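Listing of upload.cif; format and content: mmCIF, N, CA and C atoms.
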data_protein
#
loop_
_atom_site.label_atom_id
_atom_site.label_comp_id
_atom_site.auth_asym_id
_atom_site.auth_seq_id
_atom_site.Cartn_x
_atom_site.Cartn_y
_atom_site.Cartn_z
N MET A 1 0.83 -1.19 0.00
CA MET A 1 0.00 0.00 0.00
C MET A 1 0.87 1.24 0.00
N SER A 2 0.28 2.33 -0.35
CA SER A 2 1.00 3.59 -0.42
C SER A 2 1.27 4.14 0.97
N VAL A 3 1.94 5.27 1.02
CA VAL A 3 2.25 5.92 2.29
C VAL A 3 0.97 6.29 3.02
N ASN A 4 -0.01 6.79 2.31
CA ASN A 4 -1.29 7.13 2.91
C ASN A 4 -2.34 6.14 2.40
N PRO A 5 -2.62 5.09 3.18
CA PRO A 5 -3.50 4.03 2.68
C PRO A 5 -4.96 4.44 2.53
N LEU A 6 -5.36 5.57 3.07
CA LEU A 6 -6.74 6.02 2.89
C LEU A 6 -6.93 6.70 1.54
N LYS A 7 -5.83 7.08 0.93
CA LYS A 7 -5.86 7.68 -0.38
C LYS A 7 -5.73 6.55 -1.40
N ASN A 8 -6.32 6.69 -2.52
CA ASN A 8 -6.19 5.71 -3.60
C ASN A 8 -6.78 4.35 -3.29
N VAL A 9 -7.83 4.29 -2.47
CA VAL A 9 -8.57 3.04 -2.27
C VAL A 9 -9.53 2.92 -3.44
N SER A 10 -9.37 1.87 -4.21
CA SER A 10 -10.22 1.73 -5.39
C SER A 10 -11.66 1.42 -4.96
N LEU A 11 -12.57 1.65 -5.85
CA LEU A 11 -13.98 1.38 -5.59
C LEU A 11 -14.19 -0.11 -5.31
N LYS A 12 -13.49 -0.95 -6.04
CA LYS A 12 -13.59 -2.40 -5.85
C LYS A 12 -13.10 -2.79 -4.45
N GLU A 13 -11.96 -2.22 -4.02
CA GLU A 13 -11.43 -2.52 -2.68
C GLU A 13 -12.37 -2.01 -1.60
N CYS A 14 -12.97 -0.85 -1.81
CA CYS A 14 -13.91 -0.28 -0.85
C CYS A 14 -15.13 -1.20 -0.68
N ARG A 15 -15.64 -1.69 -1.79
CA ARG A 15 -16.79 -2.62 -1.74
C ARG A 15 -16.42 -3.90 -1.00
N ARG A 16 -15.24 -4.45 -1.29
CA ARG A 16 -14.81 -5.67 -0.60
C ARG A 16 -14.63 -5.42 0.89
N PHE A 17 -14.10 -4.25 1.24
CA PHE A 17 -13.93 -3.88 2.65
C PHE A 17 -15.29 -3.82 3.35
N LEU A 18 -16.26 -3.16 2.71
CA LEU A 18 -17.59 -3.04 3.32
C LEU A 18 -18.24 -4.41 3.50
N LEU A 19 -18.08 -5.29 2.53
CA LEU A 19 -18.62 -6.65 2.67
C LEU A 19 -17.93 -7.40 3.81
N LYS A 20 -16.63 -7.21 3.92
CA LYS A 20 -15.84 -7.91 4.96
C LYS A 20 -16.28 -7.50 6.37
N VAL A 21 -16.67 -6.23 6.56
CA VAL A 21 -17.07 -5.76 7.88
C VAL A 21 -18.57 -5.96 8.13
N GLY A 22 -19.24 -6.66 7.23
CA GLY A 22 -20.63 -7.02 7.48
C GLY A 22 -21.68 -6.10 6.90
N CYS A 23 -21.30 -5.20 6.03
CA CYS A 23 -22.28 -4.30 5.42
C CYS A 23 -22.90 -4.95 4.19
N GLN A 24 -24.09 -4.49 3.85
CA GLN A 24 -24.79 -4.97 2.66
C GLN A 24 -25.21 -3.78 1.82
N ASN A 25 -25.13 -3.97 0.51
CA ASN A 25 -25.58 -2.92 -0.42
C ASN A 25 -27.09 -3.03 -0.52
N LYS A 26 -27.80 -2.12 0.11
CA LYS A 26 -29.25 -2.18 0.14
C LYS A 26 -29.90 -1.58 -1.10
N ARG A 27 -29.28 -0.54 -1.64
CA ARG A 27 -29.87 0.05 -2.83
C ARG A 27 -28.83 0.87 -3.57
N THR A 28 -29.09 1.01 -4.85
CA THR A 28 -28.24 1.84 -5.70
C THR A 28 -29.16 2.81 -6.42
N THR A 29 -28.87 4.10 -6.26
CA THR A 29 -29.68 5.12 -6.93
C THR A 29 -28.74 6.02 -7.72
N GLY A 30 -28.98 6.11 -8.99
CA GLY A 30 -28.12 6.95 -9.82
C GLY A 30 -26.68 6.51 -9.70
N GLY A 31 -25.83 7.38 -9.27
CA GLY A 31 -24.41 7.09 -9.13
C GLY A 31 -23.99 6.84 -7.70
N HIS A 32 -24.91 6.38 -6.84
CA HIS A 32 -24.60 6.18 -5.43
C HIS A 32 -25.03 4.80 -4.98
N GLU A 33 -24.23 4.21 -4.10
CA GLU A 33 -24.59 2.95 -3.45
C GLU A 33 -24.78 3.24 -1.97
N HIS A 34 -25.80 2.63 -1.39
CA HIS A 34 -26.12 2.83 0.03
C HIS A 34 -25.92 1.51 0.76
N TRP A 35 -24.93 1.48 1.65
CA TRP A 35 -24.56 0.29 2.39
C TRP A 35 -25.06 0.40 3.82
N THR A 36 -25.62 -0.68 4.36
CA THR A 36 -26.15 -0.66 5.71
C THR A 36 -25.63 -1.85 6.52
N ARG A 37 -25.78 -1.72 7.82
CA ARG A 37 -25.47 -2.78 8.77
C ARG A 37 -26.39 -2.54 9.95
N SER A 38 -26.77 -3.56 10.65
CA SER A 38 -27.79 -3.44 11.70
C SER A 38 -27.43 -2.43 12.79
N ASP A 39 -26.15 -2.25 13.10
CA ASP A 39 -25.76 -1.34 14.18
C ASP A 39 -25.48 0.09 13.72
N LEU A 40 -25.60 0.37 12.44
CA LEU A 40 -25.35 1.72 11.93
C LEU A 40 -26.60 2.59 12.03
N LEU A 41 -26.41 3.83 12.45
CA LEU A 41 -27.54 4.75 12.53
C LEU A 41 -27.95 5.27 11.16
N ARG A 42 -26.97 5.45 10.29
CA ARG A 42 -27.23 5.96 8.94
C ARG A 42 -26.51 5.07 7.93
N PRO A 43 -27.02 4.98 6.74
CA PRO A 43 -26.32 4.19 5.73
C PRO A 43 -25.02 4.87 5.29
N ILE A 44 -24.10 4.06 4.81
CA ILE A 44 -22.85 4.56 4.23
C ILE A 44 -23.09 4.72 2.74
N THR A 45 -22.83 5.90 2.22
CA THR A 45 -23.07 6.17 0.81
C THR A 45 -21.74 6.40 0.11
N ILE A 46 -21.55 5.67 -1.00
CA ILE A 46 -20.36 5.89 -1.81
C ILE A 46 -20.79 6.21 -3.24
N GLN A 47 -20.02 7.05 -3.88
CA GLN A 47 -20.30 7.44 -5.26
C GLN A 47 -19.64 6.43 -6.19
N THR A 48 -20.42 5.87 -7.09
CA THR A 48 -19.89 4.83 -7.97
C THR A 48 -19.18 5.38 -9.19
N HIS A 49 -19.27 6.66 -9.43
CA HIS A 49 -18.61 7.26 -10.59
C HIS A 49 -17.28 7.91 -10.25
N ILE A 50 -16.84 7.80 -9.00
CA ILE A 50 -15.55 8.36 -8.59
C ILE A 50 -14.65 7.21 -8.13
N ASP A 51 -13.58 6.98 -8.87
CA ASP A 51 -12.65 5.92 -8.54
C ASP A 51 -11.24 6.46 -8.72
N PRO A 52 -10.41 6.49 -7.71
CA PRO A 52 -10.54 5.90 -6.39
C PRO A 52 -11.45 6.72 -5.47
N VAL A 53 -11.85 6.08 -4.37
CA VAL A 53 -12.72 6.73 -3.40
C VAL A 53 -11.90 7.82 -2.70
N PRO A 54 -12.45 9.04 -2.60
CA PRO A 54 -11.71 10.12 -1.95
C PRO A 54 -11.36 9.81 -0.49
N GLU A 55 -10.24 10.33 -0.04
CA GLU A 55 -9.76 10.09 1.32
C GLU A 55 -10.79 10.52 2.37
N ARG A 56 -11.44 11.64 2.15
CA ARG A 56 -12.42 12.11 3.14
C ARG A 56 -13.60 11.14 3.27
N ILE A 57 -13.99 10.49 2.18
CA ILE A 57 -15.07 9.51 2.23
C ILE A 57 -14.62 8.28 3.01
N MET A 58 -13.38 7.84 2.79
CA MET A 58 -12.86 6.69 3.53
C MET A 58 -12.79 7.01 5.03
N LYS A 59 -12.41 8.23 5.37
CA LYS A 59 -12.39 8.63 6.79
C LYS A 59 -13.79 8.60 7.38
N GLN A 60 -14.79 9.05 6.61
CA GLN A 60 -16.18 9.02 7.08
C GLN A 60 -16.66 7.59 7.28
N ILE A 61 -16.28 6.70 6.38
CA ILE A 61 -16.67 5.29 6.48
C ILE A 61 -16.08 4.67 7.74
N ILE A 62 -14.79 4.92 7.96
CA ILE A 62 -14.11 4.38 9.15
C ILE A 62 -14.76 4.91 10.42
N LYS A 63 -15.09 6.18 10.43
CA LYS A 63 -15.74 6.79 11.60
C LYS A 63 -17.12 6.19 11.82
N ALA A 64 -17.89 6.02 10.77
CA ALA A 64 -19.24 5.46 10.89
C ALA A 64 -19.20 4.02 11.41
N LEU A 65 -18.19 3.27 11.00
CA LEU A 65 -18.05 1.87 11.44
C LEU A 65 -17.43 1.75 12.82
N GLU A 66 -16.97 2.87 13.37
CA GLU A 66 -16.36 2.94 14.69
C GLU A 66 -15.15 2.00 14.81
N ILE A 67 -14.30 2.07 13.79
CA ILE A 67 -13.03 1.34 13.86
C ILE A 67 -11.91 2.37 13.73
N ASP A 68 -10.72 1.97 14.14
CA ASP A 68 -9.60 2.90 14.00
C ASP A 68 -8.78 2.56 12.76
N ARG A 69 -7.82 3.39 12.49
CA ARG A 69 -7.01 3.27 11.27
C ARG A 69 -6.26 1.93 11.22
N ASP A 70 -5.76 1.48 12.37
CA ASP A 70 -5.02 0.23 12.42
C ASP A 70 -5.92 -0.96 12.09
N GLU A 71 -7.15 -0.96 12.61
CA GLU A 71 -8.09 -2.02 12.28
C GLU A 71 -8.40 -2.01 10.78
N PHE A 72 -8.56 -0.81 10.23
CA PHE A 72 -8.81 -0.68 8.79
C PHE A 72 -7.66 -1.30 8.00
N LEU A 73 -6.44 -1.00 8.38
CA LEU A 73 -5.27 -1.54 7.68
C LEU A 73 -5.21 -3.06 7.77
N GLU A 74 -5.53 -3.62 8.93
CA GLU A 74 -5.53 -5.08 9.10
C GLU A 74 -6.58 -5.73 8.20
N ILE A 75 -7.75 -5.13 8.13
CA ILE A 75 -8.81 -5.68 7.28
C ILE A 75 -8.42 -5.58 5.82
N MET A 76 -7.82 -4.45 5.43
CA MET A 76 -7.41 -4.29 4.03
C MET A 76 -6.33 -5.29 3.64
N LYS A 77 -5.44 -5.62 4.59
CA LYS A 77 -4.38 -6.60 4.31
C LYS A 77 -4.97 -7.98 4.05
N SER A 78 -6.07 -8.28 4.73
CA SER A 78 -6.68 -9.61 4.62
C SER A 78 -7.52 -9.77 3.35
N LEU A 79 -7.73 -8.67 2.62
CA LEU A 79 -8.53 -8.78 1.39
C LEU A 79 -7.67 -9.36 0.35
#

Can you present the structure in this file as structure tokens?
Amino acid sequence: MSVNPLKNVSLKECRRFLLKVGCQNKRTTGGHEHWTRSDLLRPITIQTHIDPVPERIMKQIIKALEIDRDEFLEIMKSL
């Protein structure tokens, strides 16, 4: 991975990460996918027309899932 692993996460890797942590793609509208999990208050939304996923979106996803950066890196290594 690069020096900043939150940058340059491809859309495919992001989807695999979300599946790995137990999220499901509940709906796709236009250029957006809405991912949910039973313990999330709000769905995670990613734009399907932007690849790689912007760093700020990855930070929001990590925050919503209540995991830290190290846990994210461990999960990404296992993909």

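Of the listed residues (A:Asn25, A:Ile46, A:Lys77, A:Lys20), A:Ile46 comes nearest to Gln60 of chain A; the distances count only C-alpha atoms.
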
Between atom C of Gly30 of chain A and atom N of Ile75 of chain A, what is the distance in Å, rounded to a tenth?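 Interatomic distance here is 28.5 Å.
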
Test item: residues at most 8 Å from Gly31 of chain A, only N, CA and C atoms, excluding those fewer than 6 positions along its chain, as number ranges by chain: A: 46-50

May I have the selected residues written with N, CA and C atoms, as a short mmCIF file (atom, residue, chain, number, x, y, z; two decimals), in the coordinates of the input?
data_model
loop_
_atom_site.label_atom_id
_atom_site.label_comp_id
_atom_site.auth_asym_id
_atom_site.auth_seq_id
_atom_site.Cartn_x
_atom_site.Cartn_y
_atom_site.Cartn_z
N ILE A 46 -21.55 5.67 -1.00
CA ILE A 46 -20.36 5.89 -1.81
C ILE A 46 -20.79 6.21 -3.24
N GLN A 47 -20.02 7.05 -3.88
CA GLN A 47 -20.30 7.44 -5.26
C GLN A 47 -19.64 6.43 -6.19
N THR A 48 -20.42 5.87 -7.09
CA THR A 48 -19.89 4.83 -7.97
C THR A 48 -19.18 5.38 -9.19
N HIS A 49 -19.27 6.66 -9.43
CA HIS A 49 -18.61 7.26 -10.59
C HIS A 49 -17.28 7.91 -10.25
N ILE A 50 -16.84 7.80 -9.00
CA ILE A 50 -15.55 8.36 -8.59
C ILE A 50 -14.65 7.21 -8.13
#

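We find atom C of Ile61 of chain A and atom CA of Leu18 of chain A to be spaced 9.0 Å apart.
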
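The interatomic distance for the pair atom N of Val53 of chain A and atom CA of Phe17 of chain A works out to 12.4 Å.
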
Return as a PDB file with N, CA and C atoms, keeping the file's coordinate frame the full set of residues in chain A whose backbone-based DSSP assignment is strand (DSSP E or B).
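Output contents, as saved in part15.pdb:
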ATOM      1  N   VAL A   9      -7.830   4.290  -2.470  1.00  0.00           N
ATOM      2  CA  VAL A   9      -8.570   3.040  -2.270  1.00  0.00           C
ATOM      3  C   VAL A   9      -9.530   2.920  -3.440  1.00  0.00           C
ATOM      4  N   GLN A  24     -24.090  -4.490   3.850  1.00  0.00           N
ATOM      5  CA  GLN A  24     -24.790  -4.970   2.660  1.00  0.00           C
ATOM      6  C   GLN A  24     -25.210  -3.780   1.820  1.00  0.00           C
ATOM      7  N   ASN A  25     -25.130  -3.970   0.510  1.00  0.00           N
ATOM      8  CA  ASN A  25     -25.580  -2.920  -0.420  1.00  0.00           C
ATOM      9  C   ASN A  25     -27.090  -3.030  -0.520  1.00  0.00           C
ATOM     10  N   LYS A  26     -27.800  -2.120   0.110  1.00  0.00           N
ATOM     11  CA  LYS A  26     -29.250  -2.180   0.140  1.00  0.00           C
ATOM     12  C   LYS A  26     -29.900  -1.580  -1.100  1.00  0.00           C
ATOM     13  N   ARG A  27     -29.280  -0.540  -1.640  1.00  0.00           N
ATOM     14  CA  ARG A  27     -29.870   0.050  -2.830  1.00  0.00           C
ATOM     15  C   ARG A  27     -28.830   0.870  -3.570  1.00  0.00           C
ATOM     16  N   THR A  28     -29.090   1.010  -4.850  1.00  0.00           N
ATOM     17  CA  THR A  28     -28.240   1.840  -5.700  1.00  0.00           C
ATOM     18  C   THR A  28     -29.160   2.810  -6.420  1.00  0.00           C
ATOM     19  N   THR A  29     -28.870   4.100  -6.260  1.00  0.00           N
ATOM     20  CA  THR A  29     -29.680   5.120  -6.930  1.00  0.00           C
ATOM     21  C   THR A  29     -28.740   6.020  -7.720  1.00  0.00           C
ATOM     22  N   HIS A  32     -24.910   6.380  -6.840  1.00  0.00           N
ATOM     23  CA  HIS A  32     -24.600   6.180  -5.430  1.00  0.00           C
ATOM     24  C   HIS A  32     -25.030   4.800  -4.980  1.00  0.00           C
ATOM     25  N   GLU A  33     -24.230   4.210  -4.100  1.00  0.00           N
ATOM     26  CA  GLU A  33     -24.590   2.950  -3.450  1.00  0.00           C
ATOM     27  C   GLU A  33     -24.780   3.240  -1.970  1.00  0.00           C
ATOM     28  N   HIS A  34     -25.800   2.630  -1.390  1.00  0.00           N
ATOM     29  CA  HIS A  34     -26.120   2.830   0.030  1.00  0.00           C
ATOM     30  C   HIS A  34     -25.920   1.510   0.760  1.00  0.00           C
ATOM     31  N   TRP A  35     -24.930   1.480   1.650  1.00  0.00           N
ATOM     32  CA  TRP A  35     -24.560   0.290   2.390  1.00  0.00           C
ATOM     33  C   TRP A  35     -25.060   0.400   3.820  1.00  0.00           C
ATOM     34  N   THR A  36     -25.620  -0.680   4.360  1.00  0.00           N
ATOM     35  CA  THR A  36     -26.150  -0.660   5.710  1.00  0.00           C
ATOM     36  C   THR A  36     -25.630  -1.850   6.520  1.00  0.00           C
ATOM     37  N   ILE A  44     -24.100   4.060   4.810  1.00  0.00           N
ATOM     38  CA  ILE A  44     -22.850   4.560   4.230  1.00  0.00           C
ATOM     39  C   ILE A  44     -23.090   4.720   2.740  1.00  0.00           C
ATOM     40  N   THR A  45     -22.830   5.900   2.220  1.00  0.00           N
ATOM     41  CA  THR A  45     -23.070   6.170   0.810  1.00  0.00           C
ATOM     42  C   THR A  45     -21.740   6.400   0.110  1.00  0.00           C
ATOM     43  N   ILE A  46     -21.550   5.670  -1.000  1.00  0.00           N
ATOM     44  CA  ILE A  46     -20.360   5.890  -1.810  1.00  0.00           C
ATOM     45  C   ILE A  46     -20.790   6.210  -3.240  1.00  0.00           C
ATOM     46  N   GLN A  47     -20.020   7.050  -3.880  1.00  0.00           N
ATOM     47  CA  GLN A  47     -20.300   7.440  -5.260  1.00  0.00           C
ATOM     48  C   GLN A  47     -19.640   6.430  -6.190  1.00  0.00           C
ATOM     49  N   VAL A  53     -11.850   6.080  -4.370  1.00  0.00           N
ATOM     50  CA  VAL A  53     -12.720   6.730  -3.400  1.00  0.00           C
ATOM     51  C   VAL A  53     -11.900   7.820  -2.700  1.00  0.00           C
TER      52      VAL A  53
END

Mind checking which residues fall within 6 Å of segment 4-12 of chain A, counting all atoms listed in the file, ignoring those fewer than 3 positions away in the same chain, and posting them as a ChimeraX atom specification? /A:1,15-17,51-55

Identify, with DSSP run on backbone atoms, the residues in chain A assigned to helix (DSSP H, G or I), and express the list as a PyMOL selection string. chain A and resi 11-20+55-65+69-78

Just N, CA and C atoms for this one: save the residues we selected as a PDB file, in the frame of the given file.
ATOM      1  N   LEU A  11     -12.570   1.650  -5.850  1.00  0.00           N
ATOM      2  CA  LEU A  11     -13.980   1.380  -5.590  1.00  0.00           C
ATOM      3  C   LEU A  11     -14.190  -0.110  -5.310  1.00  0.00           C
ATOM      4  N   LYS A  12     -13.490  -0.950  -6.040  1.00  0.00           N
ATOM      5  CA  LYS A  12     -13.590  -2.400  -5.850  1.00  0.00           C
ATOM      6  C   LYS A  12     -13.100  -2.790  -4.450  1.00  0.00           C
ATOM      7  N   GLU A  13     -11.960  -2.220  -4.020  1.00  0.00           N
ATOM      8  CA  GLU A  13     -11.430  -2.520  -2.680  1.00  0.00           C
ATOM      9  C   GLU A  13     -12.370  -2.010  -1.600  1.00  0.00           C
ATOM     10  N   CYS A  14     -12.970  -0.850  -1.810  1.00  0.00           N
ATOM     11  CA  CYS A  14     -13.910  -0.280  -0.850  1.00  0.00           C
ATOM     12  C   CYS A  14     -15.130  -1.200  -0.680  1.00  0.00           C
ATOM     13  N   ARG A  15     -15.640  -1.690  -1.790  1.00  0.00           N
ATOM     14  CA  ARG A  15     -16.790  -2.620  -1.740  1.00  0.00           C
ATOM     15  C   ARG A  15     -16.420  -3.900  -1.000  1.00  0.00           C
ATOM     16  N   ARG A  16     -15.240  -4.450  -1.290  1.00  0.00           N
ATOM     17  CA  ARG A  16     -14.810  -5.670  -0.600  1.00  0.00           C
ATOM     18  C   ARG A  16     -14.630  -5.420   0.890  1.00  0.00           C
ATOM     19  N   PHE A  17     -14.100  -4.250   1.240  1.00  0.00           N
ATOM     20  CA  PHE A  17     -13.930  -3.880   2.650  1.00  0.00           C
ATOM     21  C   PHE A  17     -15.290  -3.820   3.350  1.00  0.00           C
ATOM     22  N   LEU A  18     -16.260  -3.160   2.710  1.00  0.00           N
ATOM     23  CA  LEU A  18     -17.590  -3.040   3.320  1.00  0.00           C
ATOM     24  C   LEU A  18     -18.240  -4.410   3.500  1.00  0.00           C
ATOM     25  N   LEU A  19     -18.080  -5.290   2.530  1.00  0.00           N
ATOM     26  CA  LEU A  19     -18.620  -6.650   2.670  1.00  0.00           C
ATOM     27  C   LEU A  19     -17.930  -7.400   3.810  1.00  0.00           C
ATOM     28  N   LYS A  20     -16.630  -7.210   3.920  1.00  0.00           N
ATOM     29  CA  LYS A  20     -15.840  -7.910   4.960  1.00  0.00           C
ATOM     30  C   LYS A  20     -16.280  -7.500   6.370  1.00  0.00           C
ATOM     31  N   GLU A  55     -10.240  10.330  -0.040  1.00  0.00           N
ATOM     32  CA  GLU A  55      -9.760  10.090   1.320  1.00  0.00           C
ATOM     33  C   GLU A  55     -10.790  10.520   2.370  1.00  0.00           C
ATOM     34  N   ARG A  56     -11.440  11.640   2.150  1.00  0.00           N
ATOM     35  CA  ARG A  56     -12.420  12.110   3.140  1.00  0.00           C
ATOM     36  C   ARG A  56     -13.600  11.140   3.270  1.00  0.00           C
ATOM     37  N   ILE A  57     -13.990  10.490   2.180  1.00  0.00           N
ATOM     38  CA  ILE A  57     -15.070   9.510   2.230  1.00  0.00           C
ATOM     39  C   ILE A  57     -14.620   8.280   3.010  1.00  0.00           C
ATOM     40  N   MET A  58     -13.380   7.840   2.790  1.00  0.00           N
ATOM     41  CA  MET A  58     -12.860   6.690   3.530  1.00  0.00           C
ATOM     42  C   MET A  58     -12.790   7.010   5.030  1.00  0.00           C
ATOM     43  N   LYS A  59     -12.410   8.230   5.370  1.00  0.00           N
ATOM     44  CA  LYS A  59     -12.390   8.630   6.790  1.00  0.00           C
ATOM     45  C   LYS A  59     -13.790   8.600   7.380  1.00  0.00           C
ATOM     46  N   GLN A  60     -14.790   9.050   6.610  1.00  0.00           N
ATOM     47  CA  GLN A  60     -16.180   9.020   7.080  1.00  0.00           C
ATOM     48  C   GLN A  60     -16.660   7.590   7.280  1.00  0.00           C
ATOM     49  N   ILE A  61     -16.280   6.700   6.380  1.00  0.00           N
ATOM     50  CA  ILE A  61     -16.670   5.290   6.480  1.00  0.00           C
ATOM     51  C   ILE A  61     -16.080   4.670   7.740  1.00  0.00           C
ATOM     52  N   ILE A  62     -14.790   4.920   7.960  1.00  0.00           N
ATOM     53  CA  ILE A  62     -14.110   4.380   9.150  1.00  0.00           C
ATOM     54  C   ILE A  62     -14.760   4.910  10.420  1.00  0.00           C
ATOM     55  N   LYS A  63     -15.090   6.180  10.430  1.00  0.00           N
ATOM     56  CA  LYS A  63     -15.740   6.790  11.600  1.00  0.00           C
ATOM     57  C   LYS A  63     -17.120   6.190  11.820  1.00  0.00           C
ATOM     58  N   ALA A  64     -17.890   6.020  10.770  1.00  0.00           N
ATOM     59  CA  ALA A  64     -19.240   5.460  10.890  1.00  0.00           C
ATOM     60  C   ALA A  64     -19.200   4.020  11.410  1.00  0.00           C
ATOM     61  N   LEU A  65     -18.190   3.270  11.000  1.00  0.00           N
ATOM     62  CA  LEU A  65     -18.050   1.870  11.440  1.00  0.00           C
ATOM     63  C   LEU A  65     -17.430   1.750  12.820  1.00  0.00           C
ATOM     64  N   ARG A  69      -7.820   3.390  12.490  1.00  0.00           N
ATOM     65  CA  ARG A  69      -7.010   3.270  11.270  1.00  0.00           C
ATOM     66  C   ARG A  69      -6.260   1.930  11.220  1.00  0.00           C
ATOM     67  N   ASP A  70      -5.760   1.480  12.370  1.00  0.00           N
ATOM     68  CA  ASP A  70      -5.020   0.230  12.420  1.00  0.00           C
ATOM     69  C   ASP A  70      -5.920  -0.960  12.090  1.00  0.00           C
ATOM     70  N   GLU A  71      -7.150  -0.960  12.610  1.00  0.00           N
ATOM     71  CA  GLU A  71      -8.090  -2.020  12.280  1.00  0.00           C
ATOM     72  C   GLU A  71      -8.400  -2.010  10.780  1.00  0.00           C
ATOM     73  N   PHE A  72      -8.560  -0.810  10.230  1.00  0.00           N
ATOM     74  CA  PHE A  72      -8.810  -0.680   8.790  1.00  0.00           C
ATOM     75  C   PHE A  72      -7.660  -1.300   8.000  1.00  0.00           C
ATOM     76  N   LEU A  73      -6.440  -1.000   8.380  1.00  0.00           N
ATOM     77  CA  LEU A  73      -5.270  -1.540   7.680  1.00  0.00           C
ATOM     78  C   LEU A  73      -5.210  -3.060   7.770  1.00  0.00           C
ATOM     79  N   GLU A  74      -5.530  -3.620   8.930  1.00  0.00           N
ATOM     80  CA  GLU A  74      -5.530  -5.080   9.100  1.00  0.00           C
ATOM     81  C   GLU A  74      -6.580  -5.730   8.200  1.00  0.00           C
ATOM     82  N   ILE A  75      -7.750  -5.130   8.130  1.00  0.00           N
ATOM     83  CA  ILE A  75      -8.810  -5.680   7.280  1.00  0.00           C
ATOM     84  C   ILE A  75      -8.420  -5.580   5.820  1.00  0.00           C
ATOM     85  N   MET A  76      -7.820  -4.450   5.430  1.00  0.00           N
ATOM     86  CA  MET A  76      -7.410  -4.290   4.030  1.00  0.00           C
ATOM     87  C   MET A  76      -6.330  -5.290   3.640  1.00  0.00           C
ATOM     88  N   LYS A  77      -5.440  -5.620   4.590  1.00  0.00           N
ATOM     89  CA  LYS A  77      -4.380  -6.600   4.310  1.00  0.00           C
ATOM     90  C   LYS A  77      -4.970  -7.980   4.050  1.00  0.00           C
ATOM     91  N   SER A  78      -6.070  -8.280   4.730  1.00  0.00           N
ATOM     92  CA  SER A  78      -6.680  -9.610   4.620  1.00  0.00           C
ATOM     93  C   SER A  78      -7.520  -9.770   3.350  1.00  0.00           C
TER      94      SER A  78
END

Kindly resolve the PyMOL selection byres (((chain A and resi 21 and name CA) around 12) and name CA) on the present coordinates and return the residues as a ChimeraX atom specification. /A:14-20,22-24,35-40,61-62,64-67,71-72,74-76,78-79

Grab all the atoms of segment 22-36 of chain A that the file lists, wrap them in a box along x, y and z, add 3 Å per side, and give me centre plus edge lengths in Å (one decimal) as AutoDock Vina command-line options.
--center_x -24.6 --center_y 0.2 --center_z -1.2 --size_x 16.7 --size_y 20.4 --size_z 23.3
